[in-house]
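Read through the structure below, which is laid out as structure tokens, and then see the notes.
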Amino acid sequence: LGAAAAGGFSERGSIVLSTDASTGDGDSNGTNTASTSASASALTVTATNAADCVVPSAVDDMVASNSMYTIQVVDDATGQAATASVPGCDVRRANFREELELTLSESGSLVSVTYIPLVSPLAPSCASLGPLAEEAEGEGAVPEFQTTVSYETSKPAMTVPLVLPKVKPPPGLSLYPRKKPAAAAAGGEGADGAGAGGNGGGSAAAFEEDEKP
């Protein structure tokens, strides 16, 4: 998991997907860890942010210049990378609370990522917020990212038959008639068909009801 406000990406943390449901929430070695699991048999998604991933001066520069905040998630197994961008002001207004939604393929590889800053409806505008560097210096602590990660993958759909079954039309409705092939119509008419062919050079095509909708 990498992030960039301007220039290249710098590593911000990691996301681990596993089938081990014993992974729990908590803080370890100066990192902020969040875990979510749908069930014991489902994947457990754990996001770990580095302790120094929030640089107050860089955040202030990002907000002042109206820059975009971009994250990049890289699949270590396949090398596939997915990026998402949001206004840097939204990251500041959300107080670094965020949600990442991963889309996985059938094999479990990364397809895309959606990044959502969890901005409160009561959050003030960026113009009303003071510099983060001054707040961090006054409080003696730098805020950390609070990350929630979810995922979705493909689901088997209903099988559609290649040949539709024969059904009758709904009450009050009728089916469109279908033409018989010309050769079959001529053979069925017999002598009448031959006489008609002598007069007009061909037989009149008959119609029949088709049971298919």
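Residues in the structure tokens are numbered from 1 in each chain, the chains being A, B, ... in the order shown, and ligands are numbered from 1 in the order shown.
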(request) May I have all residues of region 83-193 of chain A that DSSP, computed from the backbone, assigns to strand (DSSP E), given as a VMD selection string? (result) chain A and resid 83 to 87 97 to 104 110 to 117 146 to 152 177 to 179
Please build the interface table for region 71-179 of chain A against region 8-17 of chain A with a cut-off of 12 Å, listing for each qualifying residue the nearest atom pair and the distance in Å to one decimal; count only C-alpha atoms, order rows by chain and increasing number, and write it as JSON lines.
{"residue": "A:Ile71", "atom": "CA", "partner": "A:Phe9", "partner_atom": "CA", "distance": 8.0}
{"residue": "A:Gln72", "atom": "CA", "partner": "A:Phe9", "partner_atom": "CA", "distance": 7.8}
{"residue": "A:Val73", "atom": "CA", "partner": "A:Ile15", "partner_atom": "CA", "distance": 8.4}
{"residue": "A:Val74", "atom": "CA", "partner": "A:Ser14", "partner_atom": "CA", "distance": 9.4}
{"residue": "A:Asp75", "atom": "CA", "partner": "A:Ile15", "partner_atom": "CA", "distance": 9.4}
{"residue": "A:Asp76", "atom": "CA", "partner": "A:Val16", "partner_atom": "CA", "distance": 10.2}
{"residue": "A:Ala77", "atom": "CA", "partner": "A:Val16", "partner_atom": "CA", "distance": 11.7}
{"residue": "A:Thr83", "atom": "CA", "partner": "A:Phe9", "partner_atom": "CA", "distance": 10.8}
{"residue": "A:Leu100", "atom": "CA", "partner": "A:Ile15", "partner_atom": "CA", "distance": 10.1}
{"residue": "A:Glu101", "atom": "CA", "partner": "A:Ile15", "partner_atom": "CA", "distance": 11.5}
{"residue": "A:Leu102", "atom": "CA", "partner": "A:Ile15", "partner_atom": "CA", "distance": 10.3}
{"residue": "A:Leu104", "atom": "CA", "partner": "A:Leu17", "partner_atom": "CA", "distance": 10.9}
{"residue": "A:Gly108", "atom": "CA", "partner": "A:Leu17", "partner_atom": "CA", "distance": 9.3}
{"residue": "A:Ser109", "atom": "CA", "partner": "A:Leu17", "partner_atom": "CA", "distance": 10.5}
{"residue": "A:Leu110", "atom": "CA", "partner": "A:Leu17", "partner_atom": "CA", "distance": 10.9}
{"residue": "A:Val113", "atom": "CA", "partner": "A:Ile15", "partner_atom": "CA", "distance": 12.0}
{"residue": "A:Glu144", "atom": "CA", "partner": "A:Arg12", "partner_atom": "CA", "distance": 11.2}
{"residue": "A:Phe145", "atom": "CA", "partner": "A:Arg12", "partner_atom": "CA", "distance": 9.9}
{"residue": "A:Gln146", "atom": "CA", "partner": "A:Gly13", "partner_atom": "CA", "distance": 11.9}
{"residue": "A:Thr147", "atom": "CA", "partner": "A:Ile15", "partner_atom": "CA", "distance": 10.2}
{"residue": "A:Thr148", "atom": "CA", "partner": "A:Ile15", "partner_atom": "CA", "distance": 10.5}
{"residue": "A:Val149", "atom": "CA", "partner": "A:Ile15", "partner_atom": "CA", "distance": 8.4}
{"residue": "A:Ser150", "atom": "CA", "partner": "A:Leu17", "partner_atom": "CA", "distance": 10.3}
{"residue": "A:Tyr151", "atom": "CA", "partner": "A:Leu17", "partner_atom": "CA", "distance": 9.6}
(request) From the DSSP assignment of the backbone, select every residue of region 52-84 of chain A that is helix (DSSP H, G or I), and format the answer as a PyMOL selection string. (result) chain A and resi 56-64
